[in-house]
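K.L.:
Here you go, one structure.
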Amino acid sequence: MLTFTLRRLLLAIPTLLVISLVIFLLVDLAPGSPLSQIPLTVPPDVRQKMIEALGADQPVMFRYVLWLRQFFWVEPMNLFDGWFGTHIVEGEQRILSWQSRSPVFSIIGERIPQTLIVIGTAYLVGILIALPIGIYSAYRQYSLFDQIGTLFAMIGFSVPTFFSGTLFIIIFSVWLGWLPTKYDTTLQVIDWASFLEQIKQMILPVMTLGLANAASISRYMRSSMLDNMGMDYVRTARAKGLSERVVVLKHVLRNSLIPVVTVIALGIPSIFGGAIITENLFGVNGIGAALIGAIQASDIPMVQTLAFIFAVLIVLFNLIADVLYGFLDPRIRYD
Amino acid sequence: MADGAAPVLEVRGLKTVFRTRGGEIHAVNDVSFTLHPGELLGVVGESGSGKSVTMMSLLRLLPAPPADIRSGTAKLNGRDLLAMTDAELRATRGARVGFVFQDPMTSLNPVFTLGNQIMEPLIKHKGMTKRQAETRAVELLELVGIPDARRRLYQYPHQFSGGMRQRVMIAIALACDPDVLIADEPTTALDVTIQAQILELVKELRQKLGMAIIWITHDLGVIAGIADRVIVMYGGQVVEQAPVKELFANPQHPYTRALLQTIPRISGERSERLKVIEGQPPILTGPLTACPFRARCEYRHDACDATNPPRRAIDGQAVGEGHDVACHWYALAKVEMANA
């Protein structure tokens, strides 16, 4: 397993290099200029100077190599310096956002907590709702519960979050007035009251995304349970005199969870990616919102860095899913 | 064996129906048989004759719906399995009745160790601690001839060959010293040499442990080697029942005769082609109102279309004890003999 993991990690390096180049070239090919948001009243020679100041006039390959060095050397070492008080990369150029002139990683550091708290909770809630529904729907296939579960999953699948989110706002904020319409990023949790406030403002975005997540995961769980429910070893377990609880929750579930865990692990990078629509809808100032802002402003370093971080996460969680598979299924051996 | 000792299992008038969208399938029709302590009862018949469904009905192992056990009793040591509550039934499954299934490759749970799977019934039925169950599991594995048992306990099913897995299945079925072992075509999925090994193992275990065995198979050769008594099933009912020697020496039902003729022989000249039974087994969409074998029978008679023949004893003993057959032709032949 260890050799397999190391081999996969080594293989990931060329994969990620190619991905980073493709992202860089694609972003660079996209129309638009970092100054497109600057008023047209600014004279052309000043615009030119601004572009030079950003480094945006350099050849694309030069910028790519510079970015690589910054991403893989300067930024990690900067973090190292920060932790241990050393001065290895002091004064080196970090990856700067063209929009705000501040380091991209500082912006990410500010944005990621909101995203992880809201989107992460939504993912967790989705899983916690989906697993029991999936298990019970499969155990009582075609029962009333299963039918309702199917309906619920279909709604979750087919209704886009911008619609369900808006609907929730209308019902719970406008009509009932129970919950705030906007997520207040500046809220500090310092005592019980502010904690409750935080919970209240999280409910709507978490519900919106959680429904969508639960819909797909509950379907995976259900079909995986159904696949296993008819297997011979289930009959063996019953013939041994085990209770239905043990048969279903031990023998069937353990087998059914293998593919579901993989699906869940593969979905985790999307938490870090944020949910662009949901974040915008509820005003969660997270990574998704940052990415959209950067794309609109042709902020190439920001877009490039974010897209590349997602790529790293996806490669990483693919590996984690494979390793998990090996742990859960004794038949799989990677050596 | 049929010397009057109380039967360990007595099945009377068992009827099992599958309710499907296309109507009902009458898979088991009024099946009755007895099993005496220490006896090995062979159950033969072709695919779809109702052998497995009969045995699974006894422990209610068929998914319901669609399966529906319509009527009948199945008394295990005097207690009706079919009237038990779910809890009572669970206390019987694996404890009093052990089950070995056809395909050892899929009958074990792939994600749990063998030890775990053998220990489950021990902990559940015998109230053993984990440590006690582990000791017993090692004994059981040694009993079924698995070398290096203690180490093997921590291995997974995929680390075992088919024959070894079937040995493990037998160990699980025998874990709680059951009164009855039901083996549903346990050697069908194995190759011939392994088949022979498993047969030897069962013979040996039977001598050591003395439980009664029901052995389902479609292989008459296997039956000849191990059974004491045989029931032949066709169309979801018992068509002939006899001690094994009597059945091979003096088969009465045209189906049994035809079956015996399909066995290839090693000795003698290979002048003839192997016999086959022409036609298809019946589709059991309704209760049987005529002999199910009539369409394939060379002795077909008017009576065969009119009624389904009941089982008749042919050697003076009670039906189910000696030799009996469900055939109009046999009855008619007997009348003719009496007239002559």
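As shown in the structure tokens, the chain order sets the letters A, B, ...; within each chain, residues go from 1, and ligands are also counted from 1 in the order they appear.
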Just need the residues of chain B within 9 Å of chain A, counting only C-alpha atoms, so spit them out as a PyMOL selection string.
P.N.:
chain B and resi 59+61-62+87+89-95+97-101+103+106-112+117+120-121+124-125+156-159+169+172-173
K.L.:
Need the shell around Ser32 in chain B: protein/DNA/RNA residues with any atom at most 7 Å away, counting only C-alpha atoms. Skip same-chain ones fewer than 3 positions apart. Format as a PyMOL selection string?
P.N.:
chain B and resi 11-14
K.L.:
I'd like the interatomic distance between CA of Asp177 in chain B and CA of Val247 in chain A, to a tenth of an Å.
P.N.:
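Between CA of Asp177 in chain B and CA of Val247 in chain A the gap works out to 22.0 Å.
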K.L.:
Excluding Ser97 in chain A and any residue of its chain fewer than 5 positions from it, enumerate the residues within 12 Å of it, using only C-alpha atoms, and give them as a compact mmCIF listing (two decimals) with N, CA, C and O atoms, in the first residue's frame.
P.N.:
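File produced: around.txt:
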# COMPACT_ATOMS: atom_id res chain seq x y z
N PRO A 34 -6.48 42.77 -17.83
CA PRO A 34 -6.58 43.08 -16.40
C PRO A 34 -7.06 44.50 -16.15
O PRO A 34 -7.48 44.82 -15.04
N LEU A 54 2.16 45.47 -13.61
CA LEU A 54 1.61 44.17 -13.22
C LEU A 54 2.46 43.01 -13.73
O LEU A 54 2.33 41.88 -13.28
N GLY A 55 3.30 43.31 -14.73
CA GLY A 55 4.04 42.22 -15.36
C GLY A 55 3.22 41.53 -16.42
O GLY A 55 3.59 40.47 -16.91
N ALA A 56 2.07 42.08 -16.78
CA ALA A 56 1.17 41.43 -17.71
C ALA A 56 1.66 41.51 -19.15
O ALA A 56 1.12 40.84 -20.03
N TRP A 67 5.49 31.81 -12.35
CA TRP A 67 4.39 31.38 -11.50
C TRP A 67 4.73 30.03 -10.84
O TRP A 67 4.49 29.82 -9.65
N SER A 102 -2.60 42.20 -3.51
CA SER A 102 -2.17 41.48 -2.31
C SER A 102 -1.89 40.03 -2.71
O SER A 102 -2.39 39.55 -3.73
N PRO A 103 -1.09 39.32 -1.91
CA PRO A 103 -0.75 37.95 -2.27
C PRO A 103 -2.01 37.08 -2.38
O PRO A 103 -2.90 37.16 -1.53
N VAL A 104 -2.06 36.26 -3.45
CA VAL A 104 -3.21 35.40 -3.70
C VAL A 104 -3.48 34.49 -2.50
O VAL A 104 -4.62 34.28 -2.09
N PHE A 105 -2.39 33.98 -1.90
CA PHE A 105 -2.58 33.04 -0.80
C PHE A 105 -3.16 33.70 0.45
O PHE A 105 -3.85 33.05 1.23
N SER A 106 -2.89 35.02 0.62
CA SER A 106 -3.52 35.72 1.74
C SER A 106 -5.02 35.81 1.50
O SER A 106 -5.82 35.62 2.43
N ILE A 107 -5.40 36.09 0.24
CA ILE A 107 -6.84 36.17 -0.07
C ILE A 107 -7.49 34.81 0.17
O ILE A 107 -8.55 34.72 0.81
N ILE A 108 -6.82 33.76 -0.31
CA ILE A 108 -7.38 32.42 -0.11
C ILE A 108 -7.53 32.13 1.37
O ILE A 108 -8.55 31.61 1.82
N ALA A 290 -14.75 34.39 -4.71
CA ALA A 290 -13.46 34.96 -5.09
C ALA A 290 -13.10 34.58 -6.52
O ALA A 290 -12.60 35.41 -7.30
N LEU A 291 -13.37 33.33 -6.88
CA LEU A 291 -13.03 32.86 -8.22
C LEU A 291 -13.83 33.62 -9.27
O LEU A 291 -13.28 34.08 -10.28
N GLY A 293 -15.17 36.59 -9.04
CA GLY A 293 -14.66 37.96 -9.09
C GLY A 293 -13.37 38.03 -9.90
O GLY A 293 -13.20 38.93 -10.74
N ALA A 294 -12.48 37.06 -9.70
CA ALA A 294 -11.19 37.06 -10.39
C ALA A 294 -11.36 36.83 -11.88
O ALA A 294 -10.69 37.46 -12.71
N ILE A 295 -12.30 35.95 -12.25
CA ILE A 295 -12.53 35.68 -13.67
C ILE A 295 -13.05 36.94 -14.35
O ILE A 295 -12.59 37.32 -15.43
N ALA A 297 -12.51 39.95 -13.60
CA ALA A 297 -11.51 41.01 -13.68
C ALA A 297 -10.26 40.58 -14.45
O ALA A 297 -9.25 41.28 -14.43
N SER A 298 -10.33 39.41 -15.12
CA SER A 298 -9.16 38.87 -15.82
C SER A 298 -7.93 38.83 -14.91
O SER A 298 -6.82 39.13 -15.34
N ASP A 299 -8.17 38.48 -13.65
CA ASP A 299 -7.08 38.40 -12.68
C ASP A 299 -6.39 37.05 -12.85
O ASP A 299 -6.62 36.10 -12.10
N ILE A 300 -5.48 36.97 -13.86
CA ILE A 300 -4.93 35.68 -14.25
C ILE A 300 -4.21 34.96 -13.10
O ILE A 300 -4.45 33.77 -12.88
N PRO A 301 -3.34 35.61 -12.32
CA PRO A 301 -2.67 34.87 -11.24
C PRO A 301 -3.65 34.24 -10.26
O PRO A 301 -3.46 33.10 -9.82
N MET A 302 -4.70 34.96 -9.94
CA MET A 302 -5.69 34.45 -8.99
C MET A 302 -6.43 33.24 -9.57
O MET A 302 -6.55 32.20 -8.92
N VAL A 303 -6.93 33.38 -10.82
CA VAL A 303 -7.67 32.29 -11.45
C VAL A 303 -6.77 31.07 -11.59
O VAL A 303 -7.16 29.94 -11.26
N GLN A 304 -5.57 31.32 -12.10
CA GLN A 304 -4.61 30.24 -12.31
C GLN A 304 -4.34 29.49 -11.01
O GLN A 304 -4.38 28.27 -10.96
N THR A 305 -4.08 30.25 -9.95
CA THR A 305 -3.72 29.61 -8.68
C THR A 305 -4.89 28.82 -8.11
O THR A 305 -4.74 27.67 -7.70
N LEU A 306 -6.08 29.43 -8.14
CA LEU A 306 -7.25 28.72 -7.61
C LEU A 306 -7.53 27.46 -8.40
O LEU A 306 -7.72 26.38 -7.83
K.L.:
Rounded to one decimal place, report the CA of Thr307 in chain B-CA of Gly286 in chain B distance in Å.
P.N.:
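So the answer is 13.9 Å.
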K.L.:
Name the residues of range 77-210 of chain A that come out as alpha helix (DSSP H) in a backbone DSSP run; write them as number ranges by chain.
P.N.:
A: 77-84, 104-139, 144-158, 161-168, 192-210
K.L.:
Can you tell me, as a list in words, what residues are no more than 7 Å from range 289-295 of chain B when counting only C-alpha atoms, ignoring any on the same chain fewer than 2 positions away?
P.N.:
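The filter keeps Gly235, Pro282, Pro287, Cys297, Arg300, Cys304, Asp305, Ala306, Thr307, Asn308 and Pro309 of chain B.
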K.L.:
Produce a file of the selected residues containing all heavy atoms, as a PDB file, in the first residue's frame.
P.N.:
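Written output follows (selection.pdb):
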ATOM      1  N   GLY B 235     -41.675 -31.204 -11.158  1.00  0.00           N
ATOM      2  CA  GLY B 235     -42.820 -30.290 -11.184  1.00  0.00           C
ATOM      3  C   GLY B 235     -43.223 -29.817  -9.805  1.00  0.00           C
ATOM      4  O   GLY B 235     -44.396 -29.584  -9.541  1.00  0.00           O
ATOM      5  N   PRO B 282     -42.385 -28.734 -16.882  1.00  0.00           N
ATOM      6  CA  PRO B 282     -43.619 -27.948 -16.965  1.00  0.00           C
ATOM      7  C   PRO B 282     -43.440 -26.552 -16.366  1.00  0.00           C
ATOM      8  O   PRO B 282     -42.593 -26.347 -15.506  1.00  0.00           O
ATOM      9  CB  PRO B 282     -44.597 -28.762 -16.123  1.00  0.00           C
ATOM     10  CG  PRO B 282     -43.731 -29.488 -15.151  1.00  0.00           C
ATOM     11  CD  PRO B 282     -42.468 -29.799 -15.883  1.00  0.00           C
ATOM     12  N   PRO B 287     -52.189 -24.664  -9.956  1.00  0.00           N
ATOM     13  CA  PRO B 287     -52.132 -25.918  -9.206  1.00  0.00           C
ATOM     14  C   PRO B 287     -52.141 -27.087 -10.188  1.00  0.00           C
ATOM     15  O   PRO B 287     -52.734 -26.986 -11.274  1.00  0.00           O
ATOM     16  CB  PRO B 287     -53.413 -25.901  -8.375  1.00  0.00           C
ATOM     17  CG  PRO B 287     -53.932 -24.513  -8.442  1.00  0.00           C
ATOM     18  CD  PRO B 287     -53.410 -23.901  -9.690  1.00  0.00           C
ATOM     19  N   CYS B 297     -43.760 -38.178 -21.135  1.00  0.00           N
ATOM     20  CA  CYS B 297     -43.793 -39.562 -20.667  1.00  0.00           C
ATOM     21  C   CYS B 297     -44.168 -40.510 -21.800  1.00  0.00           C
ATOM     22  O   CYS B 297     -45.113 -40.271 -22.548  1.00  0.00           O
ATOM     23  CB  CYS B 297     -44.817 -39.680 -19.540  1.00  0.00           C
ATOM     24  SG  CYS B 297     -44.876 -41.315 -18.802  1.00  0.00           S
ATOM     25  N   ARG B 300     -47.781 -42.349 -21.335  1.00  0.00           N
ATOM     26  CA  ARG B 300     -48.911 -41.454 -21.116  1.00  0.00           C
ATOM     27  C   ARG B 300     -50.239 -42.146 -21.407  1.00  0.00           C
ATOM     28  O   ARG B 300     -50.380 -42.894 -22.376  1.00  0.00           O
ATOM     29  CB  ARG B 300     -48.769 -40.232 -22.025  1.00  0.00           C
ATOM     30  CG  ARG B 300     -49.829 -39.193 -21.798  1.00  0.00           C
ATOM     31  CD  ARG B 300     -49.460 -37.949 -22.574  1.00  0.00           C
ATOM     32  NE  ARG B 300     -50.484 -36.941 -22.491  1.00  0.00           N
ATOM     33  CZ  ARG B 300     -50.328 -35.730 -22.993  1.00  0.00           C
ATOM     34  NH1 ARG B 300     -49.200 -35.403 -23.616  1.00  0.00           N
ATOM     35  NH2 ARG B 300     -51.294 -34.853 -22.889  1.00  0.00           N
ATOM     36  N   CYS B 304     -53.621 -39.873 -16.980  1.00  0.00           N
ATOM     37  CA  CYS B 304     -52.560 -38.908 -16.693  1.00  0.00           C
ATOM     38  C   CYS B 304     -53.021 -37.482 -16.984  1.00  0.00           C
ATOM     39  O   CYS B 304     -52.557 -36.528 -16.355  1.00  0.00           O
ATOM     40  CB  CYS B 304     -51.326 -39.216 -17.524  1.00  0.00           C
ATOM     41  SG  CYS B 304     -50.768 -40.914 -17.357  1.00  0.00           S
ATOM     42  N   ASP B 305     -53.902 -37.318 -17.968  1.00  0.00           N
ATOM     43  CA  ASP B 305     -54.422 -35.993 -18.293  1.00  0.00           C
ATOM     44  C   ASP B 305     -55.552 -35.590 -17.354  1.00  0.00           C
ATOM     45  O   ASP B 305     -55.850 -34.418 -17.195  1.00  0.00           O
ATOM     46  CB  ASP B 305     -54.957 -35.971 -19.728  1.00  0.00           C
ATOM     47  CG  ASP B 305     -53.866 -36.279 -20.729  1.00  0.00           C
ATOM     48  OD1 ASP B 305     -52.723 -35.829 -20.499  1.00  0.00           O
ATOM     49  OD2 ASP B 305     -54.147 -36.979 -21.722  1.00  0.00           O
ATOM     50  N   ALA B 306     -56.183 -36.596 -16.754  1.00  0.00           N
ATOM     51  CA  ALA B 306     -57.378 -36.322 -15.948  1.00  0.00           C
ATOM     52  C   ALA B 306     -57.037 -35.862 -14.539  1.00  0.00           C
ATOM     53  O   ALA B 306     -57.579 -34.867 -14.071  1.00  0.00           O
ATOM     54  CB  ALA B 306     -58.261 -37.572 -15.892  1.00  0.00           C
ATOM     55  N   THR B 307     -56.144 -36.560 -13.876  1.00  0.00           N
ATOM     56  CA  THR B 307     -55.835 -36.204 -12.486  1.00  0.00           C
ATOM     57  C   THR B 307     -54.338 -36.299 -12.232  1.00  0.00           C
ATOM     58  O   THR B 307     -53.619 -36.983 -12.952  1.00  0.00           O
ATOM     59  CB  THR B 307     -56.535 -37.150 -11.479  1.00  0.00           C
ATOM     60  OG1 THR B 307     -56.181 -38.492 -11.826  1.00  0.00           O
ATOM     61  CG2 THR B 307     -58.038 -36.970 -11.475  1.00  0.00           C
ATOM     62  N   ASN B 308     -53.916 -35.579 -11.190  1.00  0.00           N
ATOM     63  CA  ASN B 308     -52.530 -35.664 -10.751  1.00  0.00           C
ATOM     64  C   ASN B 308     -52.420 -36.876  -9.836  1.00  0.00           C
ATOM     65  O   ASN B 308     -53.112 -36.947  -8.828  1.00  0.00           O
ATOM     66  CB  ASN B 308     -52.171 -34.383  -9.997  1.00  0.00           C
ATOM     67  CG  ASN B 308     -50.705 -34.335  -9.626  1.00  0.00           C
ATOM     68  OD1 ASN B 308     -49.898 -35.102 -10.155  1.00  0.00           O
ATOM     69  ND2 ASN B 308     -50.366 -33.439  -8.722  1.00  0.00           N
ATOM     70  N   PRO B 309     -51.606 -37.863 -10.163  1.00  0.00           N
ATOM     71  CA  PRO B 309     -51.578 -39.088  -9.359  1.00  0.00           C
ATOM     72  C   PRO B 309     -51.053 -38.830  -7.951  1.00  0.00           C
ATOM     73  O   PRO B 309     -50.093 -38.085  -7.780  1.00  0.00           O
ATOM     74  CB  PRO B 309     -50.618 -39.995 -10.128  1.00  0.00           C
ATOM     75  CG  PRO B 309     -49.774 -39.075 -10.934  1.00  0.00           C
ATOM     76  CD  PRO B 309     -50.647 -37.908 -11.280  1.00  0.00           C
TER      77      PRO B 309
END
K.L.:
What does the distance between CA of Glu240 in chain B and CA of Thr73 in chain B come to in Å, to one decimal place?
P.N.:
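These two atoms are separated by 20.3 Å.
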K.L.:
Tell me, as a list in words, which residues lie within 7 Å of range 213-229 of chain A, counting only C-alpha atoms; anything in the same chain fewer than 4 positions away does not count.
P.N.:
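Within the cut-off, the hits are Tyr123, Gly126, Ile127, Ile129, Ala130, Leu131, Ile133, Gly134, Ile135, Ser137, Ala138, Ala153, Gly156, Phe157, Leu209, Val234, Val252, Leu253, Ser256 and Val260 of chain A.
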K.L.:
For the residues selected in the previous step, produce a file with all heavy atoms as a compact mmCIF listing (two decimals), in the first residue's frame.
P.N.:
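Saved to result-v7.txt:
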# COMPACT_ATOMS: atom_id res chain seq x y z
N TYR A 123 -22.10 19.66 3.06
CA TYR A 123 -21.70 18.34 2.58
C TYR A 123 -21.93 17.28 3.65
O TYR A 123 -22.49 16.22 3.40
CB TYR A 123 -20.22 18.38 2.18
CG TYR A 123 -19.81 17.28 1.24
CD1 TYR A 123 -20.36 17.18 -0.04
CD2 TYR A 123 -18.87 16.33 1.62
CE1 TYR A 123 -19.98 16.18 -0.90
CE2 TYR A 123 -18.48 15.32 0.76
CZ TYR A 123 -19.03 15.25 -0.50
OH TYR A 123 -18.65 14.25 -1.35
N GLY A 126 -25.53 16.72 4.21
CA GLY A 126 -26.02 15.94 3.07
C GLY A 126 -25.74 14.46 3.27
O GLY A 126 -26.62 13.61 3.10
N ILE A 127 -24.50 14.13 3.69
CA ILE A 127 -24.13 12.73 3.89
C ILE A 127 -24.95 12.12 5.01
O ILE A 127 -25.49 11.02 4.88
CB ILE A 127 -22.62 12.63 4.22
CG1 ILE A 127 -21.78 13.05 3.02
CG2 ILE A 127 -22.26 11.21 4.63
CD1 ILE A 127 -20.32 13.25 3.35
N ILE A 129 -27.83 12.90 6.12
CA ILE A 129 -29.22 12.66 5.74
C ILE A 129 -29.29 11.51 4.74
O ILE A 129 -30.15 10.64 4.82
CB ILE A 129 -29.84 13.92 5.09
CG1 ILE A 129 -29.90 15.06 6.10
CG2 ILE A 129 -31.24 13.64 4.56
CD1 ILE A 129 -30.36 16.37 5.49
N ALA A 130 -28.33 11.51 3.81
CA ALA A 130 -28.43 10.59 2.67
C ALA A 130 -28.23 9.13 3.06
O ALA A 130 -28.95 8.26 2.57
CB ALA A 130 -27.41 10.98 1.61
N LEU A 131 -27.27 8.86 3.95
CA LEU A 131 -26.96 7.45 4.24
C LEU A 131 -28.15 6.70 4.83
O LEU A 131 -28.53 5.66 4.29
CB LEU A 131 -25.72 7.33 5.13
CG LEU A 131 -24.42 7.84 4.48
CD1 LEU A 131 -23.21 7.47 5.35
CD2 LEU A 131 -24.21 7.29 3.08
N ILE A 133 -31.31 7.40 4.66
CA ILE A 133 -32.38 7.32 3.66
C ILE A 133 -32.06 6.25 2.63
O ILE A 133 -32.90 5.41 2.29
CB ILE A 133 -32.58 8.69 2.96
CG1 ILE A 133 -33.18 9.69 3.96
CG2 ILE A 133 -33.48 8.55 1.74
CD1 ILE A 133 -33.44 11.05 3.35
N GLY A 134 -30.82 6.26 2.14
CA GLY A 134 -30.42 5.27 1.13
C GLY A 134 -30.53 3.85 1.66
O GLY A 134 -31.04 2.97 0.97
N ILE A 135 -30.09 3.65 2.90
CA ILE A 135 -30.10 2.30 3.48
C ILE A 135 -31.54 1.82 3.64
O ILE A 135 -31.89 0.72 3.21
CB ILE A 135 -29.38 2.30 4.85
CG1 ILE A 135 -27.90 2.57 4.66
CG2 ILE A 135 -29.60 0.98 5.57
CD1 ILE A 135 -27.16 2.90 5.94
N SER A 137 -34.33 2.98 2.25
CA SER A 137 -35.05 2.87 0.97
C SER A 137 -34.75 1.55 0.30
O SER A 137 -35.63 0.91 -0.27
CB SER A 137 -34.63 3.98 0.01
OG SER A 137 -34.98 5.22 0.51
N ALA A 138 -33.48 1.12 0.38
CA ALA A 138 -33.11 -0.13 -0.28
C ALA A 138 -33.70 -1.31 0.47
O ALA A 138 -34.19 -2.26 -0.13
CB ALA A 138 -31.59 -0.25 -0.34
N ALA A 153 -35.19 12.81 -3.75
CA ALA A 153 -33.92 12.78 -4.48
C ALA A 153 -34.08 13.41 -5.86
O ALA A 153 -33.21 14.14 -6.34
CB ALA A 153 -33.42 11.35 -4.61
N GLY A 156 -34.15 17.09 -5.43
CA GLY A 156 -32.81 17.56 -5.12
C GLY A 156 -31.91 17.59 -6.34
O GLY A 156 -31.09 18.49 -6.52
N PHE A 157 -32.07 16.58 -7.19
CA PHE A 157 -31.28 16.49 -8.41
C PHE A 157 -31.63 17.59 -9.40
O PHE A 157 -30.78 18.25 -9.98
CB PHE A 157 -31.60 15.17 -9.13
CG PHE A 157 -30.57 14.12 -8.93
CD1 PHE A 157 -30.95 12.80 -8.75
CD2 PHE A 157 -29.22 14.42 -8.94
CE1 PHE A 157 -30.01 11.81 -8.55
CE2 PHE A 157 -28.27 13.44 -8.76
CZ PHE A 157 -28.68 12.13 -8.56
N LEU A 209 -27.64 23.59 -0.25
CA LEU A 209 -26.61 22.70 -0.80
C LEU A 209 -26.77 21.28 -0.29
O LEU A 209 -26.54 20.32 -1.02
CB LEU A 209 -25.23 23.21 -0.39
CG LEU A 209 -24.54 24.12 -1.37
CD1 LEU A 209 -23.17 24.47 -0.83
CD2 LEU A 209 -24.41 23.43 -2.73
N VAL A 234 -25.69 -12.78 1.81
CA VAL A 234 -26.76 -12.27 2.66
C VAL A 234 -27.67 -13.42 3.10
O VAL A 234 -28.07 -13.51 4.26
CB VAL A 234 -27.58 -11.19 1.91
CG1 VAL A 234 -28.68 -10.64 2.80
CG2 VAL A 234 -26.67 -10.08 1.43
N VAL A 252 -24.55 -6.37 4.82
CA VAL A 252 -24.85 -5.67 3.58
C VAL A 252 -24.20 -4.29 3.57
O VAL A 252 -23.55 -3.90 2.59
CB VAL A 252 -26.38 -5.54 3.37
CG1 VAL A 252 -26.68 -4.85 2.06
CG2 VAL A 252 -27.03 -6.90 3.41
N LEU A 253 -24.33 -3.57 4.68
CA LEU A 253 -23.86 -2.18 4.69
C LEU A 253 -22.35 -2.09 4.45
O LEU A 253 -21.88 -1.27 3.68
CB LEU A 253 -24.22 -1.52 6.02
CG LEU A 253 -23.86 -0.04 6.12
CD1 LEU A 253 -24.57 0.75 5.05
CD2 LEU A 253 -24.19 0.52 7.48
N SER A 256 -21.75 -2.39 0.92
CA SER A 256 -22.34 -1.31 0.12
C SER A 256 -21.59 0.00 0.29
O SER A 256 -21.60 0.84 -0.60
CB SER A 256 -23.79 -1.07 0.53
OG SER A 256 -24.48 -2.28 0.60
N VAL A 260 -19.66 3.89 -2.04
CA VAL A 260 -20.20 5.17 -1.58
C VAL A 260 -19.11 6.03 -0.95
O VAL A 260 -19.03 7.24 -1.20
CB VAL A 260 -21.37 4.94 -0.61
CG1 VAL A 260 -21.89 6.26 -0.08
CG2 VAL A 260 -22.49 4.17 -1.29
K.L.:
Neighbours of Phe163 in chain A within 10 Å (only C-alpha atoms; same-chain residues fewer than 4 positions away dropped), as a list in words?
P.N.:
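Here the qualifying residues turn out to be Val159, Leu167, Phe168, Ile169, Thr208 and Leu281 of chain A.
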K.L.:
Using only C-alpha atoms, pick whichever of B:Leu81, B:Leu41, B:Leu332, B:Ala67 has the shortest atom-to-atom distance to Gly320 in chain B.
P.N.:
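Among the listed residues, B:Leu41 lies closest to Gly320 in chain B.
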K.L.:
Mind checking DSSP for range 80-179 of chain B and telling me the strand (DSSP E) residues as a list in words?
P.N.:
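Those in range 80-179 of chain B that DSSP calls strand (DSSP E) are Asp80, Val97, Gly98, Phe99 and Val100 of chain B.
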K.L.:
For the selection you just gave me, I'd like the residues written to a file as an mmCIF file, in the first residue's frame, keeping C-alpha atoms.
P.N.:
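Output file selection.cif follows:
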data_model
loop_
_atom_site.group_PDB
_atom_site.id
_atom_site.type_symbol
_atom_site.label_atom_id
_atom_site.label_comp_id
_atom_site.auth_asym_id
_atom_site.auth_seq_id
_atom_site.Cartn_x
_atom_site.Cartn_y
_atom_site.Cartn_z
ATOM 1 C CA ASP B 80 -43.389 -26.542 13.470
ATOM 2 C CA VAL B 97 -30.449 -26.489 11.184
ATOM 3 C CA GLY B 98 -27.266 -25.775 9.248
ATOM 4 C CA PHE B 99 -27.367 -24.753 5.595
ATOM 5 C CA VAL B 100 -24.662 -25.177 2.976
#
K.L.:
I'd like to know which of A:Ile320, A:Gly288, A:Tyr139, A:Ser164 is closest to Leu249 in chain A, using only C-alpha atoms.
P.N.:
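Smallest distance to Leu249 in chain A is found for A:Tyr139.
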K.L.:
Do you know which residues are at most 12 Å from Gln317 in chain B counting only C-alpha atoms, after dropping those on the same chain fewer than 2 positions away, and could you put them as JSON, numbers by chain?
P.N.:
{"B": [2, 3, 4, 241, 242, 312, 313, 314, 315, 319, 320, 321, 322, 323, 324]}
